[in-house]
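Reproduced below: start08.txt, with compact mmCIF, C-alpha atoms.
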```
# COMPACT_ATOMS: atom_id res chain seq x y z
CA MET K 16 0.00 0.00 0.00
CA ASP K 17 1.23 3.50 -0.90
CA PHE K 18 1.06 6.50 1.44
CA ILE K 19 1.72 10.23 1.17
CA LEU K 20 3.23 12.22 4.04
CA THR K 21 3.16 16.02 3.89
CA LEU K 22 4.55 18.25 6.60
CA SER K 23 5.73 21.72 7.52
CA CYS K 24 7.70 22.83 10.55
CA PRO K 25 10.28 25.36 11.69
CA ASP K 26 13.41 24.85 9.58
CA ARG K 27 16.39 23.23 11.31
CA ARG K 28 18.95 20.53 10.74
CA GLY K 29 17.96 16.88 10.79
CA ILE K 30 14.36 17.01 9.52
CA VAL K 31 14.93 14.82 6.45
CA HIS K 32 17.07 12.46 8.53
CA ALA K 33 14.29 12.12 11.12
CA VAL K 34 11.67 11.33 8.46
CA THR K 35 13.82 8.83 6.58
CA ALA K 36 14.87 7.16 9.84
CA PHE K 37 11.20 6.66 10.70
CA LEU K 38 10.54 5.12 7.29
CA VAL K 39 13.53 2.78 7.59
CA GLN K 40 12.51 1.76 11.11
CA HIS K 41 9.06 0.76 9.85
CA LYS K 42 10.36 -0.93 6.69
CA LEU K 43 8.83 1.63 4.35
CA ASN K 44 10.33 2.47 0.94
CA ILE K 45 10.42 5.99 -0.52
CA ILE K 46 8.99 6.26 -4.05
CA ASP K 47 9.62 9.99 -4.42
CA SER K 48 10.26 12.90 -2.09
CA SER K 49 10.41 16.69 -2.37
CA GLN K 50 11.39 19.31 0.16
CA PHE K 51 11.81 23.07 0.40
CA GLY K 52 13.23 25.36 3.05
CA ASP K 53 11.85 28.92 2.93
CA THR K 54 14.54 31.34 4.05
CA THR K 55 11.94 34.10 4.53
CA SER K 56 9.43 32.30 6.74
CA GLN K 57 12.11 29.98 8.19
CA ARG K 58 9.80 27.01 7.62
CA PHE K 59 10.53 23.65 6.03
CA PHE K 60 8.09 21.81 3.75
CA MET K 61 8.19 18.19 2.64
CA ARG K 62 6.11 15.72 0.62
CA THR K 63 7.12 12.06 0.65
CA HIS K 64 5.41 9.26 -1.27
CA PHE K 65 6.28 5.85 0.16
CA LYS K 66 5.04 2.29 0.31
CA ALA K 67 5.19 -0.65 2.66
CA GLU K 68 7.42 -3.60 1.85
CA THR K 69 5.43 -6.68 0.91
CA SER K 70 6.69 -9.85 2.55
CA GLU K 71 5.29 -12.42 4.93
CA ASP K 72 7.61 -11.41 7.77
CA VAL K 73 6.73 -7.70 7.61
CA PRO K 74 3.22 -7.06 8.99
CA GLN K 75 1.19 -4.50 7.04
CA LYS K 76 0.71 -1.28 9.01
CA THR K 77 -2.66 0.47 8.99
CA ILE K 78 -2.80 4.20 8.33
CA GLU K 79 -3.85 4.78 11.95
CA GLU K 80 -0.87 2.80 13.26
CA LEU K 81 1.52 4.81 11.08
CA ARG K 82 0.05 8.12 12.23
CA VAL K 83 0.37 7.16 15.88
CA ALA K 84 3.92 5.89 15.32
CA PHE K 85 4.94 9.15 13.61
CA GLU K 86 3.53 11.42 16.33
CA PRO K 87 6.70 11.43 18.51
CA THR K 88 8.83 12.46 15.53
CA ALA K 89 6.34 15.16 14.56
CA LYS K 90 6.10 16.48 18.11
CA SER K 91 9.87 16.62 18.55
CA LEU K 92 10.18 18.87 15.49
CA SER K 93 6.92 20.87 15.96
CA MET K 94 5.52 19.50 12.71
CA ASP K 95 2.11 20.01 11.18
CA PHE K 96 1.62 16.87 9.14
CA GLN K 97 -0.86 14.81 7.15
CA LEU K 98 -0.47 11.11 6.39
CA VAL K 99 -2.96 9.56 3.98
CA PRO K 100 -3.23 6.58 1.63
CA ALA K 101 -2.04 7.62 -1.82
CA THR K 102 -5.23 6.24 -3.35
CA GLN K 103 -7.55 8.24 -1.10
CA LYS K 104 -9.56 10.58 -3.31
CA PRO K 105 -10.61 13.98 -1.94
CA ARG K 106 -14.35 14.54 -1.88
CA VAL K 107 -15.03 17.70 -3.86
CA LEU K 108 -18.07 19.97 -3.87
CA ILE K 109 -18.20 22.00 -7.10
CA MET K 110 -20.04 25.33 -7.10
CA VAL K 111 -21.01 27.11 -10.31
CA SER K 112 -23.24 29.93 -11.55
CA LYS K 113 -24.10 30.47 -15.24
CA ILE K 114 -20.72 29.99 -16.97
CA GLY K 115 -20.05 26.28 -17.35
CA HIS K 116 -16.77 25.61 -19.14
CA CYS K 117 -14.77 24.94 -15.96
CA LEU K 118 -17.50 22.70 -14.54
CA ASN K 119 -17.72 20.74 -17.79
CA ASP K 120 -13.95 20.36 -17.92
CA LEU K 121 -13.69 19.10 -14.32
CA LEU K 122 -16.51 16.61 -14.83
CA PHE K 123 -14.95 15.23 -18.01
CA ARG K 124 -11.46 14.96 -16.52
CA THR K 125 -12.85 13.18 -13.46
CA SER K 126 -14.94 10.76 -15.52
CA THR K 127 -11.91 9.81 -17.65
CA GLY K 128 -9.57 9.35 -14.69
CA GLN K 129 -7.46 12.43 -15.33
CA LEU K 130 -8.47 13.81 -11.92
CA ALA K 131 -8.48 11.48 -8.91
CA ILE K 132 -11.37 13.07 -7.05
CA ASP K 133 -14.90 12.12 -6.01
CA ILE K 134 -17.69 14.63 -6.75
CA PRO K 135 -20.70 13.78 -4.56
CA LEU K 136 -22.69 16.88 -5.55
CA ILE K 137 -22.79 20.16 -7.47
CA VAL K 138 -24.29 23.33 -6.01
CA SER K 139 -25.42 26.33 -8.02
CA ASN K 140 -27.30 29.56 -7.45
CA HIS K 141 -28.88 29.02 -10.90
CA PRO K 142 -30.59 25.92 -12.39
CA ASP K 143 -28.77 26.04 -15.75
CA PHE K 144 -26.45 23.01 -15.35
CA ALA K 145 -28.80 20.49 -13.78
CA THR K 146 -28.94 18.56 -17.08
CA LEU K 147 -25.14 18.49 -17.39
CA ALA K 148 -24.83 17.15 -13.83
CA ALA K 149 -27.43 14.48 -14.61
CA THR K 150 -25.37 13.19 -17.56
CA TYR K 151 -22.64 12.35 -15.04
CA ASN K 152 -25.12 11.00 -12.47
CA ILE K 153 -24.11 13.65 -9.95
CA PRO K 154 -26.77 15.24 -7.71
CA PHE K 155 -27.37 18.90 -8.53
CA ILE K 156 -28.67 21.22 -5.81
CA HIS K 157 -30.10 24.60 -6.77
CA LEU K 158 -29.61 27.13 -3.98
CA PRO K 159 -30.69 30.58 -5.19
CA VAL K 160 -29.26 33.48 -3.23
CA THR K 161 -29.97 37.15 -2.64
CA ALA K 162 -28.32 39.60 -0.30
CA ALA K 163 -31.13 38.97 2.18
CA THR K 164 -30.92 35.15 2.01
CA LYS K 165 -27.14 34.79 1.82
CA PRO K 166 -26.65 33.68 5.47
CA GLN K 167 -29.32 30.98 5.12
CA GLN K 168 -27.97 29.81 1.73
CA GLU K 169 -24.41 29.56 3.02
CA GLY K 170 -25.67 27.83 6.14
CA ARG K 171 -27.16 25.15 3.90
CA ILE K 172 -23.87 24.89 2.00
CA LEU K 173 -22.04 24.25 5.28
CA GLU K 174 -24.60 21.58 6.16
CA LEU K 175 -23.99 19.88 2.79
CA ILE K 176 -20.23 20.04 3.35
CA LYS K 177 -20.66 18.23 6.65
CA GLU K 178 -23.24 15.73 5.37
CA HIS K 179 -21.05 14.68 2.44
CA ASN K 180 -17.68 14.80 4.24
CA ILE K 181 -16.35 17.36 1.76
CA ASP K 182 -12.57 17.84 1.67
CA LEU K 183 -12.47 20.61 -0.95
CA VAL K 184 -14.85 23.19 -2.40
CA VAL K 185 -14.11 24.29 -5.98
CA LEU K 186 -15.61 27.53 -7.26
CA ALA K 187 -15.88 26.78 -10.98
CA ARG K 188 -16.95 30.30 -11.97
CA TYR K 189 -19.29 30.65 -9.00
CA MET K 190 -20.05 34.34 -9.26
CA GLN K 191 -20.83 35.09 -5.64
CA VAL K 192 -18.54 36.50 -2.96
CA LEU K 193 -18.32 34.07 -0.06
CA SER K 194 -18.83 35.40 3.45
CA PRO K 195 -15.98 35.45 5.99
CA THR K 196 -17.90 32.79 7.94
CA LEU K 197 -17.77 30.29 5.07
CA CYS K 198 -14.18 31.23 4.17
CA GLU K 199 -13.01 30.65 7.74
CA ALA K 200 -14.95 27.39 8.13
CA MET K 201 -13.22 25.97 5.03
CA SER K 202 -9.90 27.80 5.33
CA GLY K 203 -7.33 26.28 2.95
CA ARG K 204 -10.02 24.07 1.40
CA ILE K 205 -11.73 26.37 -1.13
CA ILE K 206 -10.16 26.90 -4.57
CA ASN K 207 -11.37 29.64 -6.92
CA ILE K 208 -10.55 30.29 -10.56
CA HIS K 209 -10.12 33.97 -11.26
CA HIS K 210 -10.73 34.96 -14.85
CA SER K 211 -7.62 37.07 -15.20
CA PHE K 212 -3.94 36.96 -14.46
CA LEU K 213 -4.18 38.63 -11.06
CA PRO K 214 -4.20 41.45 -10.20
CA SER K 215 -5.28 42.80 -13.61
CA PHE K 216 -8.78 43.38 -14.99
CA LYS K 217 -11.04 42.49 -12.09
CA GLY K 218 -14.78 42.48 -12.65
CA ALA K 219 -17.51 40.88 -14.71
CA LYS K 220 -16.09 41.40 -18.22
CA PRO K 221 -12.30 41.05 -18.01
CA TYR K 222 -11.86 40.09 -21.66
CA HIS K 223 -13.70 43.17 -22.86
CA GLN K 224 -11.45 45.26 -20.61
CA ALA K 225 -8.45 43.43 -22.04
CA TYR K 226 -9.70 44.10 -25.57
CA ASP K 227 -10.11 47.81 -24.84
CA ARG K 228 -6.56 47.97 -23.48
CA GLY K 229 -5.05 46.02 -26.39
CA VAL K 230 -3.30 43.45 -24.21
CA LYS K 231 -0.91 40.88 -25.68
CA ILE K 232 -1.43 38.15 -23.07
CA ILE K 233 -4.42 37.03 -21.05
CA GLY K 234 -4.41 34.52 -18.26
CA ALA K 235 -6.07 32.92 -15.27
CA THR K 236 -5.27 32.38 -11.60
CA ALA K 237 -6.33 29.54 -9.31
CA HIS K 238 -6.05 30.45 -5.64
CA PHE K 239 -7.31 29.54 -2.20
CA VAL K 240 -10.25 31.65 -1.08
CA THR K 241 -9.96 33.97 1.90
CA SER K 242 -12.20 36.72 3.22
CA ASP K 243 -10.00 39.20 1.28
CA LEU K 244 -11.51 39.11 -2.21
CA ASP K 245 -9.13 37.58 -4.80
CA GLU K 246 -6.18 37.93 -2.41
CA GLY K 247 -5.83 34.30 -1.29
CA PRO K 248 -2.67 32.20 -1.71
CA ILE K 249 -2.02 31.48 -5.40
CA ILE K 250 -1.76 27.82 -6.48
CA GLU K 251 -1.42 28.01 -10.26
CA GLN K 252 -1.34 30.61 -13.05
CA ASN K 253 -0.94 30.56 -16.80
CA VAL K 254 -1.23 32.86 -19.78
CA VAL K 255 -1.93 32.67 -23.50
CA ARG K 256 -0.75 35.13 -26.14
CA VAL K 257 -3.35 37.17 -28.03
CA ASN K 258 -3.15 39.90 -30.65
CA HIS K 259 -4.82 43.04 -31.94
CA GLY K 260 -6.92 41.14 -34.47
CA MET K 261 -8.90 39.13 -31.92
CA SER K 262 -12.42 40.15 -30.96
CA PRO K 263 -13.77 40.11 -27.39
CA LYS K 264 -15.53 36.83 -28.23
CA GLU K 265 -12.27 35.27 -29.42
CA LEU K 266 -10.49 36.53 -26.31
CA THR K 267 -13.25 34.98 -24.19
CA HIS K 268 -12.81 31.63 -25.92
CA ALA K 269 -9.04 31.73 -25.44
CA GLY K 270 -9.52 32.76 -21.83
CA SER K 271 -12.00 29.97 -21.10
CA ASN K 272 -9.44 27.41 -22.24
CA VAL K 273 -6.70 28.73 -19.97
CA GLU K 274 -9.15 29.04 -17.06
CA SER K 275 -10.15 25.39 -17.42
CA ASN K 276 -6.55 24.21 -17.61
CA VAL K 277 -5.38 26.29 -14.65
CA LEU K 278 -8.27 25.22 -12.42
CA ALA K 279 -7.82 21.55 -13.35
CA ALA K 280 -4.11 21.77 -12.55
CA ALA K 281 -4.79 23.33 -9.15
CA VAL K 282 -7.37 20.66 -8.29
CA LYS K 283 -4.96 17.93 -9.43
CA TYR K 284 -2.15 19.31 -7.25
CA PHE K 285 -4.52 19.43 -4.27
CA SER K 286 -5.77 15.89 -4.89
CA GLU K 287 -2.19 14.61 -4.98
CA ARG K 288 -1.29 16.45 -1.76
CA ARG K 289 1.20 18.68 -3.54
CA VAL K 290 -0.01 22.04 -2.16
CA LEU K 291 1.14 23.29 1.24
CA LEU K 292 0.20 26.65 2.70
CA ASN K 293 3.05 29.00 3.54
CA GLY K 294 1.48 32.06 5.09
CA HIS K 295 -0.14 34.07 2.27
CA LYS K 296 1.68 31.93 -0.32
CA THR K 297 1.82 28.27 -1.25
CA VAL K 298 4.49 25.65 -1.79
CA VAL K 299 3.51 23.47 -4.75
CA PHE K 300 5.55 20.30 -5.35
CA ASN K 301 4.52 19.82 -8.99
```

Will you turn the file into structure tokens for me?
Amino acid sequence: MDFILTLSCPDRRGIVHAVTAFLVQHKLNIIDSSQFGDTTSQRFFMRTHFKAETSEDVPQKTIEELRVAFEPTAKSLSMDFQLVPATQKPRVLIMVSKIGHCLNDLLFRTSTGQLAIDIPLIVSNHPDFATLAATYNIPFIHLPVTAATKPQQEGRILELIKEHNIDLVVLARYMQVLSPTLCEAMSGRIINIHHSFLPSFKGAKPYHQAYDRGVKIIGATAHFVTSDLDEGPIIEQNVVRVNHGMSPKELTHAGSNVESNVLAAAVKYFSERRVLLNGHKTVVFN
């Protein structure tokens, strides 16, 4: 059985040695490992993919036994760590409004095995994509929202998160600002796709703004959501070149492609436990 260990802790000598010594002691083999020491925050980050040896004289350890066994090492180095089976798929709640290219892309990639996630439900403040959800046999829940009903609507979202054991919320062009209450409840577990290469061209029609300014590149940004609008830690970004001959519609089409790719990459990194928070930034072992 394969496992993934991710950790962060104050940087000091001997961290890698302590982790590898634990793995050797428990007859566990490293498949791949990445680490990074941030000289600014003075924190150390590590992701190690390992597996148990398979032989009759080596008893198979459960994930709970490994976590308990690793606790003394983690405590001695003040580590925050996660240890999970490599095959464990995050349970993802997708939220969408009336623009569906990112939703469609995530559903297709998941159905074809390109994304190792489970999607138990889709939530929207509009009914438009109920049919699309049905083609993938995924429950679709329509939760309309107004300024007056926002607390009740988000309360229901939090209930659904708990009921379905959601690990990650993905805002696939969900065009509502989340409240600080929801952001804090799911801190580090909400990913948004922003339809521009932050911090440029915020608002409802970024590609029309880009057209008016005659830009030569457009892009997209996937980031964790915080109560500060579009200021959360960035996970992934990309751009595509455009030119003066492209119309706003053509820019929108080009932008939708890069949005879909950037969001899918961010979700993939999260699902593979490659994203670690580092203050207002991220460490991404991709």

Within 10 Å of K:Leu92 using all atoms listed in the file, minus same-chain residues under 4 positions, as a VMD selection string: chain K and resid 23 to 27 29 to 30 33 87 to 88

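Comparing the minimum interatomic distances between K:Ala279 and each of K:His157, K:His141, K:Arg124, K:His210, counting all atoms listed in the file, we find that K:Arg124 sits nearest.
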
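Here atom CA of K:Gln57 stands at a distance of 17.9 Å from atom CA of K:Pro248.
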
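Shortest atom-to-atom contact with K:Ser139 among K:Gln40, K:Ile109, K:Ala162, K:Cys117: K:Ile109, counting only C-alpha atoms.
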
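Here atom CA of K:Asn253 is placed at a distance of 6.8 Å from atom CA of K:Val273.
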
Tell me which of K:Val185, K:Val240, K:Met190, K:Ala101 sits closest to K:Pro159, counting only C-alpha atoms.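 Residue with the minimum atom-to-atom distance to K:Pro159: K:Met190.
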
Coordinates-based distance that separates atom CA of K:Ala281 from atom CA of K:Ser194 (Å, one decimal): 22.4 Å

Looking at K:Gln191, K:Thr146, K:Thr196, K:Ser49, which one is nearest to K:Leu173, with distances taken over all atoms listed in the file? K:Thr196

Spatial neighbours of K:Thr150, 12 Å, all atoms listed in the file, chain gap at least 6 places, as a PyMOL selection string: chain K and resi 119+122-123+126+144

Contact residues around stretch 64-69 of chain K with only C-alpha atoms at 8 Å, ignoring same-chain residues under 5 positions, as a list in words: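 So the residues in contact are Met16, Asp17, Phe18, Ile19, Leu20, Lys42, Leu43, Asn44, Ile45, Ile46, Asp47, Ser48, Gln75, Lys76 and Ala101 of chain K.
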
Take stretch 150-161 of chain K, bring it up to all heavy atoms, and give me the output as a CSV table (one decimal), keeping the file's coordinate frame.
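Okay, selection_36.csv is ready:
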```csv
chain,number,residue,atom,x,y,z
K,150,THR,N,-26.1,14.1,-16.6
K,150,THR,CA,-25.4,13.2,-17.6
K,150,THR,C,-24.2,12.5,-16.9
K,150,THR,O,-23.8,11.4,-17.4
K,150,THR,CB,-24.9,14.0,-18.8
K,150,THR,OG1,-23.9,14.9,-18.3
K,150,THR,CG2,-26.0,14.7,-19.5
K,151,TYR,N,-23.7,13.0,-15.8
K,151,TYR,CA,-22.6,12.4,-15.0
K,151,TYR,C,-23.2,11.7,-13.8
K,151,TYR,O,-22.4,11.2,-12.9
K,151,TYR,CB,-21.6,13.4,-14.7
K,151,TYR,CG,-20.7,13.8,-15.9
K,151,TYR,CD1,-21.1,15.0,-16.6
K,151,TYR,CD2,-19.6,13.1,-16.3
K,151,TYR,CE1,-20.3,15.4,-17.6
K,151,TYR,CE2,-18.8,13.5,-17.3
K,151,TYR,CZ,-19.2,14.7,-18.0
K,151,TYR,OH,-18.4,15.1,-19.1
K,152,ASN,N,-24.5,11.6,-13.6
K,152,ASN,CA,-25.1,11.0,-12.5
K,152,ASN,C,-24.7,11.6,-11.2
K,152,ASN,O,-24.4,10.9,-10.2
K,152,ASN,CB,-24.9,9.5,-12.5
K,152,ASN,CG,-25.5,8.8,-13.7
K,152,ASN,OD1,-26.7,9.0,-14.0
K,152,ASN,ND2,-24.7,7.9,-14.3
K,153,ILE,N,-24.5,12.9,-11.2
K,153,ILE,CA,-24.1,13.6,-10.0
K,153,ILE,C,-25.3,14.5,-9.5
K,153,ILE,O,-25.8,15.3,-10.3
K,153,ILE,CB,-22.9,14.5,-10.2
K,153,ILE,CG1,-21.7,13.6,-10.6
K,153,ILE,CG2,-22.5,15.4,-9.0
K,153,ILE,CD1,-20.4,14.4,-11.0
K,154,PRO,N,-25.7,14.4,-8.2
K,154,PRO,CA,-26.8,15.2,-7.7
K,154,PRO,C,-26.5,16.7,-7.9
K,154,PRO,O,-25.3,17.2,-7.6
K,154,PRO,CB,-26.8,14.9,-6.2
K,154,PRO,CG,-26.3,13.5,-6.2
K,154,PRO,CD,-25.2,13.4,-7.2
K,155,PHE,N,-27.5,17.5,-8.3
K,155,PHE,CA,-27.4,18.9,-8.5
K,155,PHE,C,-28.3,19.6,-7.6
K,155,PHE,O,-29.5,19.3,-7.6
K,155,PHE,CB,-27.7,19.2,-10.0
K,155,PHE,CG,-27.6,20.7,-10.3
K,155,PHE,CD1,-26.5,21.2,-10.8
K,155,PHE,CD2,-28.7,21.5,-10.2
K,155,PHE,CE1,-26.4,22.6,-11.2
K,155,PHE,CE2,-28.7,22.9,-10.5
K,155,PHE,CZ,-27.5,23.4,-11.0
K,156,ILE,N,-27.8,20.5,-6.8
K,156,ILE,CA,-28.7,21.2,-5.8
K,156,ILE,C,-28.7,22.7,-6.2
K,156,ILE,O,-27.7,23.4,-6.2
K,156,ILE,CB,-28.1,21.0,-4.4
K,156,ILE,CG1,-28.2,19.5,-4.0
K,156,ILE,CG2,-29.0,21.8,-3.4
K,156,ILE,CD1,-27.7,19.2,-2.7
K,157,HIS,N,-29.9,23.2,-6.4
K,157,HIS,CA,-30.1,24.6,-6.8
K,157,HIS,C,-30.4,25.4,-5.5
K,157,HIS,O,-31.4,25.2,-4.8
K,157,HIS,CB,-31.3,24.7,-7.7
K,157,HIS,CG,-31.6,26.2,-8.1
K,157,HIS,ND1,-32.9,26.6,-8.4
K,157,HIS,CD2,-30.8,27.2,-8.2
K,157,HIS,CE1,-32.9,27.9,-8.6
K,157,HIS,NE2,-31.6,28.3,-8.6
K,158,LEU,N,-29.5,26.3,-5.2
K,158,LEU,CA,-29.6,27.1,-4.0
K,158,LEU,C,-29.5,28.6,-4.4
K,158,LEU,O,-28.5,29.2,-4.4
K,158,LEU,CB,-28.5,26.8,-3.0
K,158,LEU,CG,-28.5,25.4,-2.3
K,158,LEU,CD1,-27.3,25.3,-1.4
K,158,LEU,CD2,-29.8,25.2,-1.6
K,159,PRO,N,-30.7,29.2,-4.8
K,159,PRO,CA,-30.7,30.6,-5.2
K,159,PRO,C,-30.3,31.4,-4.0
K,159,PRO,O,-30.5,31.1,-2.8
K,159,PRO,CB,-32.1,30.8,-5.6
K,159,PRO,CG,-32.9,29.8,-5.0
K,159,PRO,CD,-32.0,28.6,-4.9
K,160,VAL,N,-29.7,32.6,-4.3
K,160,VAL,CA,-29.3,33.5,-3.2
K,160,VAL,C,-29.5,34.9,-3.6
K,160,VAL,O,-29.4,35.4,-4.7
K,160,VAL,CB,-27.7,33.2,-3.0
K,160,VAL,CG1,-26.9,33.6,-4.2
K,160,VAL,CG2,-27.3,34.0,-1.8
K,161,THR,N,-29.9,35.7,-2.6
K,161,THR,CA,-30.0,37.2,-2.6
K,161,THR,C,-29.2,37.7,-1.5
K,161,THR,O,-28.8,36.9,-0.6
K,161,THR,CB,-31.4,37.6,-2.6
K,161,THR,OG1,-32.0,37.3,-1.3
K,161,THR,CG2,-32.3,37.0,-3.7
```
